[in-house]
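The structure under discussion appears below in the form of structure tokens.
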Amino acid sequence: EGHRRLRVSMDEESFESSDEMPGMLWWIHIVLGCGLLTPWNSYVTSMDFWTYAFDEGIADAFSISNFVPNMLLLLLQLFWFGGRLVPKAVLGFCMYIIAISFGVWTIIHANPTDPSWTQEGGDKELYAAGMIASVFVAGAACAVLQGALFSFSGQLPPAMVGGLMTGSALAGVLTCGCRVVSKMIFAGREPQQALRDSSLLYMSSSLFVVGAALVCVWLLVRHPLVKRHLAKREEADPYGG
């Protein structure tokens with residue numbers, strides 16, 4: 001049954017005869033690929049602020065907190081191929097939105113210059129724990145989305161997987177562009193305020209990209225050619241995921 005599912009693919013002749021495919025679907029996959037990696041890039045690019053608000057050890061905590069759910073969920077998906085694209089993609093991008101929103105909240109409310117911030121059991125410890133949990137959620141979201149997006153687009157013509165990869169590369173370009181813009185705009189501000197404002201720019205831009213990717217999931221599954229593919233898959237394997 002599993003081998004039969006892998007053989008179910010979209011009718012490539014329908015793509016070749018359609019003028020819609022190269023533009024619409026490819027750009028949807030670009031945005032999806034960008035939404036896949038932009039959040040983690042934003043966390044990493046904002047690391048100067050996290051170490052300023054907390055301490056140097058937060059970088060190691062972030063790395064471990066991102067690695068563990070990513071690895072566990074990716075290994076799980078090696079043995080479990082069920083589940084449809086939409087629930088997984090919506091779950092993944094919504095997890096991203098929750099994680100990034102907490103990061104934005106932390107950037108706005110963190111106040112390392114306040115003596116009460118560093119008190120034992122104070123806001124510093126509370127927000128640090130929340131940020132580590134936020135990165136954990138983001139790592140889990142990334143693993144869910146990688147399995148969902150690549151397994152789905154892998155059944156489409158090769159250009160679609162290329163679109164995902166291009167979007168993932170574009171995520172790095174976008175983050176670097178935000179960094180350049182922040183250096184230009186916030187150069188004259190106090191160092192601590194510049195750190196806060198630039199980190200807010202990185203995280204807010206990733207929130208916008210993830211929101212756009214969530215919309216693209218809706219556009220993807222409603223595209224006529226993709227709907228035709230889903231109908232053929234359902235007909236070939238009515239009990240599959």
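Here, A, B, ... name the chains of the structure tokens in the order displayed, residue numbers run from 1 inside each chain, and ligands are numbered from 1 in the same displayed order.
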**Asked** Excluding same-chain residues fewer than 6 positions from Ser65 of chain A, what lies within 8 Å of it counting only C-alpha atoms, as a list in words?
**Response**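 Here the qualifying residues turn out to be Ile132, Ala133, Val135, Phe136 and Gly139 of chain A.
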So that I can see what lies close to Leu174 of chain A, please list as JSON, numbers by chain the residues with an atom at most 8 Å from it, counting only C-alpha atoms and leaving out residues fewer than 4 positions away in the same chain. {"A": [38, 170, 178]}
Practice task
Among the residues of segment 45-117 of chain A, find those DSSP assigns to alpha helix (DSSP H) from the backbone and print them as a PyMOL selection string.
Solution key: chain A and resi 45+47-53+58-79+85-109
Excluding Ala59 of chain A and its own-chain neighbours fewer than 6 positions away, which residues fall within 12 Å of it when counting only C-alpha atoms? Please give them as a CSV table (one decimal) with N, CA and C atoms, in the first residue's frame.
chain,number,residue,atom,x,y,z
A,43,TYR,N,15.6,34.3,15.1
A,43,TYR,CA,16.1,34.1,16.5
A,43,TYR,C,17.7,34.2,16.6
A,44,VAL,N,18.3,33.7,15.6
A,44,VAL,CA,19.8,33.7,15.6
A,44,VAL,C,20.3,35.1,15.4
A,45,THR,N,19.7,35.9,14.5
A,45,THR,CA,20.2,37.2,14.2
A,45,THR,C,19.9,38.1,15.4
A,46,SER,N,18.9,37.8,16.2
A,46,SER,CA,18.6,38.6,17.4
A,46,SER,C,19.4,38.2,18.6
A,47,MET,N,20.4,37.3,18.4
A,47,MET,CA,21.1,36.8,19.5
A,47,MET,C,21.8,37.8,20.4
A,48,ASP,N,22.3,38.9,19.8
A,48,ASP,CA,22.9,40.0,20.6
A,48,ASP,C,21.9,40.5,21.7
A,49,PHE,N,20.7,40.6,21.3
A,49,PHE,CA,19.7,41.1,22.3
A,49,PHE,C,19.4,40.1,23.3
A,50,TRP,N,19.3,38.8,22.9
A,50,TRP,CA,19.0,37.8,23.9
A,50,TRP,C,20.1,37.7,24.9
A,51,THR,N,21.4,37.7,24.5
A,51,THR,CA,22.5,37.7,25.5
A,51,THR,C,22.6,38.9,26.3
A,52,TYR,N,22.1,40.1,25.8
A,52,TYR,CA,22.1,41.3,26.6
A,52,TYR,C,21.0,41.2,27.6
A,53,ALA,N,19.8,40.7,27.2
A,53,ALA,CA,18.7,40.6,28.2
A,53,ALA,C,18.8,39.5,29.2
A,65,SER,N,17.5,23.6,22.7
A,65,SER,CA,16.0,23.6,22.6
A,65,SER,C,15.5,23.5,21.2
A,66,ASN,N,16.2,24.0,20.2
A,66,ASN,CA,15.8,23.8,18.8
A,66,ASN,C,16.1,22.5,18.3
A,128,ALA,N,13.3,34.2,30.4
A,128,ALA,CA,14.3,33.2,29.8
A,128,ALA,C,13.7,31.8,29.6
A,131,MET,N,11.4,32.0,26.6
A,131,MET,CA,12.0,32.1,25.4
A,131,MET,C,12.6,30.7,25.0
A,132,ILE,N,13.1,30.0,26.0
A,132,ILE,CA,13.6,28.6,25.7
A,132,ILE,C,12.5,27.7,25.2
A,135,VAL,N,11.6,28.7,21.6
A,135,VAL,CA,12.5,28.1,20.6
A,135,VAL,C,12.2,26.6,20.4
Figure out the distance between atom CA of Ile28 of chain A and atom CA of Val210 of chain A, please, to one decimal in Å.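 A separation of 12.5 Å between them.
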Check the smallest atom-to-atom distance from each of A:Val68, A:Val181, A:Gly35, A:Gly163 to Cys94 of chain A using only C-alpha atoms, then report the winner.
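Of all the options, A:Gly35 lies closest to Cys94 of chain A.
Remark: for Val221 of chain A, the closest of the candidate residues A:Ile64, A:Ala171, A:Ala89, A:Ala138 is A:Ala89 (distances computed over only C-alpha atoms).
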Sort by chain and increasing residue number a table of all residues of segment 134-171 of chain A within 7 Å of segment 70-74 of chain A, each with its closest pair of atoms and their distance in Å to one decimal, counting only C-alpha atoms, and write it as a tab-separated table.
residue	atom	partner	partner_atom	distance
A:Gly139	CA	A:Asn70	CA	5.2
A:Ala140	CA	A:Asn70	CA	5.4
A:Cys142	CA	A:Asn70	CA	6.8
A:Ala143	CA	A:Asn70	CA	5.0
A:Val144	CA	A:Leu73	CA	6.9
Among A:Ala110, A:Leu37, A:Val180, A:Leu126, Ser198 of chain A is approached most closely, using only C-alpha atoms, by A:Val180
Review point. When you draw a straight line from atom CA of Met184 of chain A to atom CA of Ser206 of chain A, how long is it in Å?
Key: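 Interatomic distance, atom CA of Met184 of chain A to atom CA of Ser206 of chain A: 19.3 Å.
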All residues 9 Å or closer to Val31 of chain A, only C-alpha atoms, same chain fewer than 2 positions away omitted, as a CSV table (one decimal) with N, CA and C atoms, in the first residue's frame:
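Below you can see result_23.csv, which holds the result:
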chain,number,residue,atom,x,y,z
A,26,TRP,N,4.8,28.1,-8.4
A,26,TRP,CA,6.2,28.2,-8.1
A,26,TRP,C,6.4,29.3,-7.0
A,27,TRP,N,5.7,30.4,-7.2
A,27,TRP,CA,5.8,31.5,-6.2
A,27,TRP,C,5.2,31.1,-4.9
A,28,ILE,N,4.1,30.3,-4.9
A,28,ILE,CA,3.6,29.8,-3.6
A,28,ILE,C,4.6,29.0,-2.9
A,29,HIS,N,5.4,28.1,-3.6
A,29,HIS,CA,6.4,27.3,-3.0
A,29,HIS,C,7.6,28.2,-2.5
A,33,GLY,N,8.8,28.1,1.3
A,33,GLY,CA,10.2,27.8,1.7
A,33,GLY,C,10.8,28.9,2.5
A,34,CYS,N,10.4,30.1,2.2
A,34,CYS,CA,10.9,31.3,3.0
A,34,CYS,C,10.3,31.2,4.4
A,35,GLY,N,9.0,30.9,4.6
A,35,GLY,CA,8.4,30.8,5.9
A,35,GLY,C,8.9,29.6,6.7
A,36,LEU,N,9.5,28.6,6.0
A,36,LEU,CA,10.1,27.5,6.7
A,36,LEU,C,11.3,27.8,7.6
A,163,GLY,N,11.3,25.3,-5.9
A,163,GLY,CA,10.7,26.5,-5.4
A,163,GLY,C,10.9,26.6,-3.9
A,164,LEU,N,10.7,25.4,-3.2
A,164,LEU,CA,10.9,25.4,-1.8
A,164,LEU,C,12.3,25.7,-1.4
A,167,GLY,N,13.1,29.3,-1.9
A,167,GLY,CA,12.5,30.1,-0.8
A,167,GLY,C,13.3,30.0,0.5
A,168,SER,N,13.8,28.8,0.8
A,168,SER,CA,14.7,28.6,2.0
A,168,SER,C,15.9,29.4,1.9
A,170,LEU,N,16.1,32.2,0.1
A,170,LEU,CA,15.7,33.6,0.2
A,170,LEU,C,15.4,34.0,1.6
A,209,VAL,N,6.2,37.0,7.3
A,209,VAL,CA,6.5,36.0,6.3
A,209,VAL,C,5.7,34.7,6.7
A,210,VAL,N,5.7,34.3,8.0
A,210,VAL,CA,5.0,33.1,8.4
A,210,VAL,C,3.5,33.3,8.1
A,212,ALA,N,2.2,35.1,5.7
A,212,ALA,CA,2.0,35.0,4.3
A,212,ALA,C,2.1,33.5,3.9
A,213,ALA,N,3.0,32.7,4.5
A,213,ALA,CA,3.1,31.3,4.2
A,213,ALA,C,1.8,30.6,4.5
A,216,CYS,N,-0.5,31.0,1.9
A,216,CYS,CA,-0.1,30.3,0.7
A,216,CYS,C,-0.5,28.8,0.8
Separating atom CA of Trp218 of chain A from atom CA of Ala148 of chain A, to the nearest tenth of an Å, is a gap of 14.1 Å
With distances taken over only C-alpha atoms, the candidate from A:Pro224, A:Pro157, A:Pro69, A:Gly103 nearest Leu207 of chain A is A:Gly103
